[in-house]
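**Q** Enclosed is the structure file work-v6.cif (mmCIF, C-alpha atoms and all ligand atoms).
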data_structure
#
loop_
_atom_site.label_atom_id
_atom_site.label_comp_id
_atom_site.auth_asym_id
_atom_site.auth_seq_id
_atom_site.Cartn_x
_atom_site.Cartn_y
_atom_site.Cartn_z
CA MET P 245 44.08 126.63 53.28
CA HIS P 246 43.48 123.77 55.71
CA TYR P 247 42.23 120.59 54.06
CA ALA P 248 39.00 120.55 56.06
CA GLU P 249 38.18 124.05 54.86
CA ARG P 250 39.12 123.16 51.30
CA GLU P 251 36.93 120.05 51.34
CA GLN P 252 33.98 122.08 52.63
CA LEU P 253 34.34 124.42 49.68
CA ILE P 254 34.77 121.89 46.89
CA LEU P 255 33.12 118.60 47.88
CA ALA P 256 29.53 117.73 46.97
CA PRO P 257 27.20 116.99 49.90
CA TYR P 258 27.21 113.27 48.94
CA ALA P 259 31.04 113.01 49.05
CA LEU P 260 32.89 111.25 51.87
CA SER P 261 34.75 114.06 53.62
CA SER P 262 37.76 113.72 55.91
CA ALA P 263 35.61 115.05 58.72
CA ALA P 264 33.29 112.03 58.34
CA SER P 265 36.16 109.51 58.65
CA LYS P 266 35.83 106.97 61.45
CA GLY P 267 39.59 107.14 62.00
CA ARG P 268 42.20 104.40 62.36
CA GLU P 269 42.34 101.21 64.41
CA HIS P 270 45.39 102.48 66.30
CA ALA P 271 44.77 106.11 67.28
CA GLU P 272 47.32 108.59 65.90
CA PRO P 273 47.61 112.38 66.21
CA VAL P 274 46.11 114.20 63.20
CA HIS P 275 48.55 115.65 60.69
CA PRO P 276 48.79 119.46 60.63
CA TYR P 277 48.21 119.80 56.87
CA ARG P 278 47.72 116.38 55.21
CA SER P 279 44.20 114.96 55.18
CA PRO P 280 43.78 111.41 56.56
CA PHE P 281 43.20 110.02 53.05
CA GLN P 282 46.30 111.80 51.71
CA ARG P 283 48.28 110.05 54.45
CA ASP P 284 46.72 106.73 53.45
CA ARG P 285 47.75 107.31 49.84
CA ASP P 286 51.30 108.13 50.92
CA ARG P 287 51.52 105.06 53.15
CA ILE P 288 50.44 102.85 50.27
CA ILE P 289 52.94 104.44 47.85
CA HIS P 290 55.79 103.89 50.33
CA SER P 291 54.90 100.25 50.99
CA ALA P 292 56.98 97.37 49.65
CA ALA P 293 53.87 95.53 48.41
CA TYR P 294 52.97 98.52 46.21
CA ARG P 295 56.49 98.82 44.74
CA ARG P 296 56.51 95.14 43.83
CA LEU P 297 53.58 95.72 41.48
CA ALA P 298 56.22 97.00 39.04
CA HIS P 299 57.32 93.41 38.48
CA LYS P 300 53.97 91.66 38.57
CA THR P 301 51.94 90.60 35.56
CA GLN P 302 48.78 92.46 34.59
CA VAL P 303 47.88 90.25 31.60
CA PHE P 304 51.14 89.85 29.68
CA THR P 305 54.32 88.66 31.39
CA GLY P 306 57.61 90.56 31.28
CA ASP P 307 59.12 88.11 28.81
CA LEU P 308 56.85 89.40 26.06
CA GLY P 309 58.59 92.78 25.81
CA ASP P 310 58.51 96.16 27.52
CA TYR P 311 55.60 98.00 25.91
CA HIS P 312 52.70 96.39 27.72
CA ARG P 313 51.23 97.30 31.12
CA THR P 314 52.53 95.89 34.37
CA ARG P 315 50.35 95.64 37.47
CA LEU P 316 51.86 98.97 38.59
CA THR P 317 51.22 100.95 35.41
CA HIS P 318 47.70 99.50 35.26
CA THR P 319 47.19 100.76 38.83
CA LEU P 320 48.42 104.24 37.84
CA GLU P 321 46.04 104.35 34.86
CA VAL P 322 43.15 103.37 37.13
CA ALA P 323 44.16 106.11 39.60
CA SER P 324 44.34 108.65 36.79
CA VAL P 325 40.86 107.80 35.43
CA ALA P 326 39.35 107.59 38.91
CA ARG P 327 40.78 110.97 39.98
CA THR P 328 39.47 112.63 36.84
CA LEU P 329 35.98 111.33 37.60
CA ALA P 330 36.22 112.18 41.31
CA ARG P 331 37.17 115.77 40.56
CA ALA P 332 34.48 116.15 37.90
CA LEU P 333 31.82 114.80 40.28
CA ALA P 334 33.15 116.75 43.30
CA VAL P 335 33.75 113.69 45.47
CA ASN P 336 36.83 113.06 47.61
CA GLU P 337 39.78 112.81 45.23
CA ASP P 338 42.27 111.93 48.00
CA LEU P 339 40.17 108.97 49.08
CA VAL P 340 39.67 107.86 45.47
CA GLU P 341 43.40 108.01 44.83
CA ALA P 342 44.21 105.98 47.95
CA LEU P 343 41.60 103.36 46.99
CA ALA P 344 42.84 103.16 43.39
CA LEU P 345 46.49 102.76 44.37
CA ALA P 346 45.45 100.10 46.90
CA HIS P 347 43.11 98.11 44.69
CA ASP P 348 45.56 95.55 43.23
CA VAL P 349 48.25 95.52 45.95
CA GLY P 350 47.17 92.00 46.98
CA HIS P 351 47.73 90.47 43.56
CA PRO P 352 50.09 87.48 43.58
CA PRO P 353 52.68 87.08 40.80
CA PHE P 354 51.38 86.06 37.33
CA GLY P 355 48.01 87.79 37.55
CA HIS P 356 44.87 85.68 37.64
CA ALA P 357 46.80 82.49 36.90
CA GLY P 358 48.76 82.94 40.14
CA GLU P 359 45.57 83.70 42.02
CA GLU P 360 43.84 80.57 40.66
CA LEU P 361 46.70 78.35 41.78
CA LEU P 362 46.79 79.77 45.31
CA SER P 363 43.03 79.63 45.68
CA GLU P 364 43.08 75.99 44.58
CA ARG P 365 45.89 75.09 47.00
CA LEU P 366 44.10 76.88 49.86
CA ARG P 367 40.66 75.54 48.96
CA HIS P 368 40.18 73.77 52.31
CA VAL P 369 41.51 76.59 54.49
CA GLY P 370 39.49 79.57 53.27
CA GLY P 371 40.82 80.06 49.74
CA PHE P 372 42.82 82.96 48.35
CA ASN P 373 41.48 86.21 46.94
CA HIS P 374 43.66 89.15 45.85
CA ASN P 375 41.19 91.73 47.18
CA ALA P 376 41.12 90.15 50.62
CA GLN P 377 44.90 89.73 50.45
CA ALA P 378 45.36 93.51 50.11
CA VAL P 379 43.49 93.92 53.42
CA ARG P 380 45.84 91.36 55.05
CA ILE P 381 48.82 93.32 53.76
CA PHE P 382 47.45 96.65 55.00
CA THR P 383 46.40 95.39 58.43
CA ARG P 384 49.08 92.87 59.24
CA LEU P 385 51.77 91.79 56.76
CA GLU P 386 53.40 95.06 55.72
CA GLU P 387 55.98 96.10 58.32
CA ARG P 388 56.58 99.87 58.40
CA TYR P 389 55.94 101.25 61.84
CA PRO P 390 57.23 100.17 65.25
CA GLU P 391 53.88 101.04 66.88
CA PHE P 392 51.59 98.69 64.95
CA PRO P 393 51.49 95.99 62.27
CA GLY P 394 50.42 96.98 58.75
CA LEU P 395 49.81 100.54 57.62
CA ASN P 396 47.02 101.55 60.03
CA LEU P 397 44.98 102.98 57.14
CA SER P 398 41.73 104.86 57.65
CA HIS P 399 38.60 102.83 58.22
CA GLU P 400 37.12 104.05 54.89
CA VAL P 401 40.06 102.82 52.77
CA LEU P 402 40.00 99.39 54.41
CA ALA P 403 36.20 99.19 54.14
CA GLY P 404 36.39 100.09 50.43
CA GLN P 405 38.96 97.37 49.82
CA ARG P 406 37.01 94.82 51.89
CA ARG P 407 34.01 95.67 49.82
CA ARG P 408 35.89 94.59 46.66
CA ALA P 409 36.47 91.18 48.27
CA GLU P 410 32.82 90.73 49.24
CA LYS P 411 31.25 91.75 45.94
CA GLY P 412 27.53 91.01 45.89
CA ALA P 413 27.31 90.09 49.57
CA ALA P 414 26.61 93.54 51.05
CA THR P 415 23.13 94.99 51.24
CA GLU P 416 24.00 98.68 50.93
CA GLN P 417 26.06 100.37 48.22
CA PRO P 418 29.56 101.62 48.98
CA PRO P 419 30.35 105.36 48.85
CA LEU P 420 30.70 106.91 45.39
CA GLU P 421 34.49 107.05 45.88
CA VAL P 422 34.57 103.24 46.04
CA GLN P 423 32.14 102.82 43.15
CA LEU P 424 34.25 105.10 40.94
CA VAL P 425 37.45 103.09 41.43
CA ASP P 426 35.65 99.93 40.38
CA ALA P 427 34.29 101.60 37.25
CA ALA P 428 37.69 103.18 36.47
CA ASP P 429 39.38 99.77 36.69
CA SER P 430 37.17 98.47 33.91
CA VAL P 431 37.65 101.60 31.75
CA ALA P 432 41.42 101.28 32.06
CA TYR P 433 41.77 97.59 31.28
CA ASP P 434 39.37 97.52 28.34
CA ALA P 435 41.48 100.22 26.65
CA HIS P 436 44.95 99.08 27.63
CA ASP P 437 44.47 95.36 27.08
CA ALA P 438 43.35 96.07 23.52
CA ASP P 439 46.37 98.35 23.02
CA ASP P 440 48.84 95.81 24.42
CA ALA P 441 47.31 92.92 22.47
CA LEU P 442 47.56 94.87 19.21
CA VAL P 443 51.22 95.77 19.80
CA LEU P 444 51.97 92.17 20.76
CA GLU P 445 50.13 91.05 17.61
CA MET P 446 47.79 88.77 19.53
CA ILE P 447 44.79 90.39 17.86
CA THR P 448 44.27 92.47 14.72
CA PRO P 449 42.28 95.70 14.27
CA GLU P 450 39.97 93.70 11.96
CA GLU P 451 39.19 91.23 14.74
CA LEU P 452 38.56 94.07 17.21
CA ALA P 453 36.25 95.64 14.61
CA LEU P 454 33.91 92.69 15.13
CA THR P 455 32.76 94.64 18.20
CA GLY P 456 30.58 97.74 18.20
CA LEU P 457 32.80 99.50 20.74
CA TRP P 458 35.87 99.33 18.50
CA ARG P 459 33.96 100.18 15.31
CA ARG P 460 32.41 103.26 16.85
CA ALA P 461 35.67 104.49 18.44
CA THR P 462 37.34 104.02 15.05
CA ALA P 463 34.57 105.95 13.28
CA ARG P 464 35.08 108.87 15.69
CA VAL P 465 38.83 108.87 14.95
CA ASP P 466 38.31 108.60 11.19
CA LYS P 467 36.06 111.64 11.26
CA ARG P 468 38.95 113.71 12.61
CA TYR P 469 41.94 112.21 10.78
CA THR P 470 42.59 110.68 7.39
CA ASN P 471 45.62 108.72 6.20
CA LEU P 472 47.02 107.89 9.64
CA ALA P 473 49.73 105.20 9.70
CA ALA P 474 48.68 102.01 11.52
CA ASP P 475 50.51 102.81 14.79
CA ALA P 476 49.25 106.39 14.92
CA HIS P 477 45.73 105.16 14.19
CA ARG P 478 45.93 102.58 17.00
CA ARG P 479 47.04 105.22 19.49
CA CYS P 480 44.16 107.51 18.47
CA VAL P 481 41.56 104.74 18.79
CA ILE P 482 42.86 103.75 22.24
CA HIS P 483 42.77 107.38 23.33
CA GLU P 484 39.22 107.60 22.00
CA LEU P 485 38.25 104.43 23.88
CA LEU P 486 39.46 105.97 27.12
CA ASP P 487 38.02 109.42 26.57
CA TRP P 488 34.65 108.12 25.37
CA GLN P 489 34.26 105.68 28.26
CA VAL P 490 35.27 108.27 30.87
CA SER P 491 32.89 110.87 29.41
CA ASP P 492 30.08 108.29 29.29
CA LEU P 493 30.71 107.25 32.89
CA HIS P 494 30.77 110.87 34.03
CA ALA P 495 27.53 111.77 32.22
CA ALA P 496 25.68 108.59 33.27
CA THR P 497 26.73 108.94 36.92
CA LYS P 498 25.85 112.63 37.03
CA ALA P 499 22.44 111.92 35.52
CA ARG P 500 21.69 109.18 38.10
CA ILE P 501 22.74 111.50 40.95
CA ALA P 502 20.25 114.10 39.66
CA GLU P 503 17.42 111.64 38.87
CA GLN P 504 17.67 109.93 42.24
CA GLY P 505 17.88 113.24 44.08
CA ILE P 506 21.10 112.21 45.84
CA GLU P 507 21.92 114.74 48.55
CA SER P 508 23.99 112.86 51.10
CA LEU P 509 26.32 109.93 51.61
CA ALA P 510 23.39 108.06 53.18
CA ASP P 511 21.41 108.57 49.93
CA VAL P 512 24.33 107.12 47.92
CA GLN P 513 24.36 104.02 50.10
CA CYS P 514 20.65 103.21 49.97
CA ARG P 515 20.12 103.65 46.19
CA PRO P 516 21.12 101.38 43.31
CA LEU P 517 24.69 101.66 41.99
CA LEU P 518 25.34 105.21 40.73
CA ALA P 519 28.81 105.04 39.18
CA ALA P 520 28.37 102.82 36.16
CA PRO P 521 28.45 103.29 32.40
CA SER P 522 25.26 104.10 30.48
CA HIS P 523 23.14 101.10 29.49
CA GLU P 524 24.37 101.40 25.90
CA MET P 525 28.04 101.57 26.91
CA ALA P 526 27.62 98.66 29.31
CA GLU P 527 26.35 96.51 26.42
CA LEU P 528 29.22 97.58 24.17
CA LYS P 529 31.74 96.80 26.91
CA ARG P 530 30.26 93.36 27.52
CA GLU P 531 30.67 92.43 23.86
CA PHE P 532 34.20 93.88 23.79
CA GLN P 533 35.30 92.05 26.96
CA SER P 534 33.99 88.76 25.68
CA LEU P 535 36.13 89.15 22.53
CA LEU P 536 39.20 90.04 24.64
CA PHE P 537 38.52 87.02 26.80
CA ARG P 538 38.35 84.59 23.88
CA GLN P 539 41.07 86.03 21.66
CA VAL P 540 43.56 87.63 24.05
CA TYR P 541 43.36 86.23 27.58
CA ARG P 542 43.30 82.70 26.10
CA HIS P 543 45.88 83.40 23.39
CA PRO P 544 48.36 80.50 22.99
CA ARG P 545 51.30 82.81 23.78
CA VAL P 546 49.63 83.94 27.00
CA LEU P 547 48.82 80.34 27.93
CA THR P 548 52.37 79.08 27.25
CA HIS P 549 53.85 81.63 29.65
CA ARG P 550 51.16 80.80 32.14
CA THR P 551 52.03 77.09 32.16
CA GLU P 552 55.66 77.73 33.06
CA ALA P 553 54.78 80.42 35.60
CA ILE P 554 52.31 78.17 37.39
CA ALA P 555 54.73 75.25 37.47
CA ALA P 556 57.34 77.53 39.08
CA LEU P 557 54.89 78.95 41.62
CA ASP P 558 53.49 75.54 42.53
CA ASP P 559 56.98 74.10 42.97
CA LEU P 560 57.82 76.92 45.36
CA TYR P 561 54.50 76.43 47.18
CA GLN P 562 55.11 72.72 47.76
CA ARG P 563 58.70 73.25 48.93
CA HIS P 564 57.80 76.04 51.38
CA LEU P 565 54.85 74.10 52.73
CA LEU P 566 57.28 71.49 54.05
CA ALA P 567 59.40 74.19 55.70
CA ALA P 568 56.99 76.96 56.72
CA ASP P 569 58.89 77.35 60.00
CA GLU P 570 61.84 78.66 57.98
CA LEU P 571 59.90 81.58 56.48
CA ALA P 572 60.61 85.18 57.58
CA PRO P 573 59.13 86.18 60.99
CA PRO P 574 55.75 87.69 59.97
CA TYR P 575 54.96 84.55 57.95
CA GLN P 576 56.23 82.20 60.68
CA GLN P 577 53.76 83.83 63.03
CA VAL P 578 50.97 83.30 60.47
CA ALA P 579 51.97 79.63 60.20
CA VAL P 580 51.54 79.23 63.95
CA GLU P 581 48.17 81.01 64.06
CA ALA P 582 46.54 80.07 60.75
CA GLY P 583 48.50 77.10 59.44
CA PRO P 584 51.34 76.67 56.94
CA GLU P 585 49.11 77.00 53.83
CA ARG P 586 48.10 80.58 54.69
CA ALA P 587 51.67 81.50 55.67
CA VAL P 588 53.10 80.21 52.39
CA ALA P 589 50.37 81.93 50.35
CA ASP P 590 51.04 85.20 52.21
CA TYR P 591 54.73 84.88 51.39
CA LEU P 592 54.39 83.72 47.78
CA SER P 593 51.79 86.35 46.92
CA SER P 594 54.26 89.02 48.01
CA LEU P 595 56.83 87.86 45.44
CA THR P 596 57.33 89.40 42.00
CA ASP P 597 57.15 87.34 38.80
CA ARG P 598 60.91 87.36 38.41
CA ALA P 599 61.58 86.37 42.03
CA VAL P 600 59.66 83.17 41.29
CA LEU P 601 60.86 82.55 37.74
CA ALA P 602 64.59 83.27 37.97
CA PRO P 603 65.50 80.52 40.50
CA TRP P 604 63.09 78.10 38.80
CA ARG P 605 64.75 78.60 35.42
CA ARG P 606 68.22 78.18 36.93
CA ALA P 607 67.11 74.90 38.52
CA GLN P 608 65.58 73.69 35.23
CA ARG P 609 68.85 74.44 33.42
CA ASP P 610 70.85 72.57 36.06
CA ILE P 611 68.56 69.55 35.73
CA GLY P 612 68.79 69.73 31.92
MG MG B 701 42.81 96.33 38.61
#
Please, can you express the file's structure as structure tokens?

**A**
Amino acid sequence: MHYAEREQLILAPYALSSAASKGREHAEPVHPYRSPFQRDRDRIIHSAAYRRLAHKTQVFTGDLGDYHRTRLTHTLEVASVARTLARALAVNEDLVEALALAHDVGHPPFGHAGEELLSERLRHVGGFNHNAQAVRIFTRLEERYPEFPGLNLSHEVLAGQRRRAEKGAATEQPPLEVQLVDAADSVAYDAHDADDALVLEMITPEELALTGLWRRATARVDKRYTNLAADAHRRCVIHELLDWQVSDLHAATKARIAEQGIESLADVQCRPLLAAPSHEMAELKREFQSLLFRQVYRHPRVLTHRTEAIAALDDLYQRHLLAADELAPPYQQVAVEAGPERAVADYLSSLTDRAVLAPWRRAQRDIG
């Protein structure tokens, strides 16, 4: 069955169909059997920037072990949650998948610490934001095709990603597909950051039980199982956290669609946000995230790694700034057009954690 026919059968009237796409900046012939958003997803998966997420920090750096999430596995969890919701709500799963896989591609090495450093160094020339950086990668920096710079993604994927960079500034809501990826991101990290922090012993189940979200997920697990060993119990509670949040998001979104009488994409865009947790879940998540923020994201072991990582990244920044004309061609061109700061940030943000740390550690050893 052709994708257009398939979409007509399965998509809700308020979904963003392939037929409604505004196309690509550089016109290309349509594909005989892949929808435009499937092609976008494939282009993202085959990009170098996407592959490098495997060696970029989500919250915990590689040095801490090999259990915890990387930026890539986080991305895959977000895509998994977002696709589940998209299918359940009959919106465009291909578009949701492309948006989810794209959402963190602009992250520099070392997570938010890396982003803070670059945004500080570029303060006077427009700053640095990982969401905006993904758009730069997709429209200009990634080199894949002889015909055009970037990936020439569909207008809707780029608009969805731009929307992440402009949070709060726009007057109308984005399509449900974009809203769902945002909500799925939060579902995924609340569950996996708790899981990783427990395994890394940066927080205890007792500390997590100070929050209503954890206590209630635990109560649901304890109703079904007794006498689970600590590890098995942790895995069940994390699973419950995911399943409960996804089910809540699905039910709350579905209810809003019905209450607001949403019948078209235009309806989605002129009403308040539809894809969000229930009021009760939103409160529970707020309390949970504030505990994670205090106890985990500011944990001494996280901060120690951060200090070294930032020193290494800043050293590289300062050295390249003095020799931006020696960068690879796409960055040299940026230096000419937008100045050396932007060129160096474009280059450094493309690097993996280890590409920054390995030479820095060698140099430190030689000095020592
Ligand atoms: Mg994310």

**Q** For ligand MG 701 (chain B), return the neighbouring residues as a ChimeraX atom specification (distance at most 7 Å; all atoms listed in the file).

**A** /P:318-319,347-348,429

**Q** Within 10 Å of P:Pro353, counting all atoms listed in the file, which residues qualify if same-chain residues fewer than 5 places away don't, as a count of residues only?

**A** 23

**Q** Name all residues at most 12 Å from P:Ala567 (count only C-alpha atoms; drop same-chain ones fewer than 6 positions away) and give them as a count of residues only.

**A** 10

**Q** I need the residue nearest P:Ala256 from this list: P:Val422, P:Ala344, P:Ala271, P:Val335. Use only C-alpha atoms for the distance.

**A**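 Closest to P:Ala256, using only C-alpha atoms: P:Val335.
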
**Q** How would you write as an MDAnalysis selection string the residues that get within 12 Å of (47.0, 94.7, 17.6) in the file's frame, counting only C-alpha atoms?

**A** chainID P and resid 312 435:453 474:475 477:479 481:482 536 539:540

**Q** Go through P:Ala526, P:Ile289, P:Thr415, P:Asp590 one by one, measure the shortest atom-to-atom distance of each to P:Ala376 using all atoms listed in the file, and give the residue with the smallest value.

**A** P:Asp590

**Q** Wanna dump the stretch 305-377 of chain P-stretch 248-255 of chain P contacts at 9 Å for me, each residue with its shortest atom pair and the distance in Å to one decimal, counting only C-alpha atoms, ordered by chain and number, as a tab-separated table?

**A**
residue	atom	partner	partner_atom	distance
P:Arg331	CA	P:Leu255	CA	8.8
P:Leu333	CA	P:Leu255	CA	8.6
P:Ala334	CA	P:Leu255	CA	4.9
P:Val335	CA	P:Leu255	CA	5.5
P:Asn336	CA	P:Leu255	CA	6.7

**Q** List as a list in words the protein and nucleic acid residues near P:Glu272, meaning an atom at most 12 Å away when all atoms listed in the file are counted, but skip any in the same chain fewer than 2 places from it.

**A**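 Returned residues: Gly267, Arg268, Glu269, His270, Val274, His275, Pro280, Arg283, Glu391, Phe392, Leu395, Asn396, Leu397 and Ser398 of chain P.
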
**Q** Using all atoms listed in the file for the distances, tell me which of P:Tyr433, P:Phe532, P:Phe537, P:Trp488 is nearest to P:Trp458.

**A**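 Among P:Tyr433, P:Phe532, P:Phe537, P:Trp488, it is P:Phe532 that comes nearest to P:Trp458.
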
**Q** Could you tell me how far atom CA of P:Met245 lies from atom CA of P:Phe281, in Å and to one decimal?

**A**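 Computing it gives 16.6 Å between the two atoms.
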
**Q** Within 9 Å of P:Gly350, counting all atoms listed in the file, which residues show up once you throw out same-chain ones fewer than 2 positions away? Write them as number ranges by chain, please.

**A** P: 293-294, 346-348, 352, 373-381, 593-594

**Q** Suppose you want the space between atom CA of P:Leu320 and atom CA of P:Arg408; what is it in Å?

**A** 18.1 Å

**Q** So, with all atoms listed in the file as the atoms that count, which of P:Ser430, P:Gln405, P:Thr455, P:Thr317 lies closest to P:Leu493?

**A**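 Result for the nearest residue to P:Leu493: P:Ser430.
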
**Q** Work out how far atom CA of P:Ala461 is from atom CA of P:Ala499, in Å to one decimal.

**A**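 Straight-line distance from atom CA of P:Ala499 to atom CA of P:Ala461 works out to 22.8 Å.
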
**Q** Skipping near chain neighbours, those fewer than 3 positions away, what residues fall within 9 Å of P:Leu420 using all atoms listed in the file, listed as a list in words?

**A**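 What passes the distance filter is Tyr258, Ala259, Leu260, Ala330, Val335, Asn336, Gln417, Gln423, Leu424, Val425, Leu509, Val512, Gln513, Leu517, Leu518 and Ala519 of chain P.
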
**Q** For the point (26.6, 110.1, 34.0) in the file's frame, write as a PDB file with C-alpha atoms, keeping the file's coordinate frame all residues with an atom no more than 12 Å away, counting only C-alpha atoms.

**A**
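Printed below is out.pdb as written:
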ATOM      1  CA  LEU P 329      35.980 111.330  37.600  1.00  0.00           C
ATOM      2  CA  ALA P 332      34.480 116.150  37.900  1.00  0.00           C
ATOM      3  CA  LEU P 333      31.820 114.800  40.280  1.00  0.00           C
ATOM      4  CA  LEU P 424      34.250 105.100  40.940  1.00  0.00           C
ATOM      5  CA  ALA P 427      34.290 101.600  37.250  1.00  0.00           C
ATOM      6  CA  TRP P 488      34.650 108.120  25.370  1.00  0.00           C
ATOM      7  CA  GLN P 489      34.260 105.680  28.260  1.00  0.00           C
ATOM      8  CA  VAL P 490      35.270 108.270  30.870  1.00  0.00           C
ATOM      9  CA  SER P 491      32.890 110.870  29.410  1.00  0.00           C
ATOM     10  CA  ASP P 492      30.080 108.290  29.290  1.00  0.00           C
ATOM     11  CA  LEU P 493      30.710 107.250  32.890  1.00  0.00           C
ATOM     12  CA  HIS P 494      30.770 110.870  34.030  1.00  0.00           C
ATOM     13  CA  ALA P 495      27.530 111.770  32.220  1.00  0.00           C
ATOM     14  CA  ALA P 496      25.680 108.590  33.270  1.00  0.00           C
ATOM     15  CA  THR P 497      26.730 108.940  36.920  1.00  0.00           C
ATOM     16  CA  LYS P 498      25.850 112.630  37.030  1.00  0.00           C
ATOM     17  CA  ALA P 499      22.440 111.920  35.520  1.00  0.00           C
ATOM     18  CA  ARG P 500      21.690 109.180  38.100  1.00  0.00           C
ATOM     19  CA  ILE P 501      22.740 111.500  40.950  1.00  0.00           C
ATOM     20  CA  ALA P 502      20.250 114.100  39.660  1.00  0.00           C
ATOM     21  CA  GLU P 503      17.420 111.640  38.870  1.00  0.00           C
ATOM     22  CA  LEU P 517      24.690 101.660  41.990  1.00  0.00           C
ATOM     23  CA  LEU P 518      25.340 105.210  40.730  1.00  0.00           C
ATOM     24  CA  ALA P 519      28.810 105.040  39.180  1.00  0.00           C
ATOM     25  CA  ALA P 520      28.370 102.820  36.160  1.00  0.00           C
ATOM     26  CA  PRO P 521      28.450 103.290  32.400  1.00  0.00           C
ATOM     27  CA  SER P 522      25.260 104.100  30.480  1.00  0.00           C
ATOM     28  CA  HIS P 523      23.140 101.100  29.490  1.00  0.00           C
ATOM     29  CA  MET P 525      28.040 101.570  26.910  1.00  0.00           C
TER      30      MET P 525
END

**Q** Measuring atom to atom with all atoms listed in the file, identify which of P:Asp466, P:Arg550, P:Leu566, P:Arg407 is nearest to P:Gly306.

**A** P:Arg550

**Q** Give the answer as one residue: which of P:Pro544, P:Pro603, P:Ala463, P:Val349 has the shortest atom-to-atom distance to P:Phe304, using only C-alpha atoms?

**A**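 Closest residue, counting only C-alpha atoms: P:Pro544.
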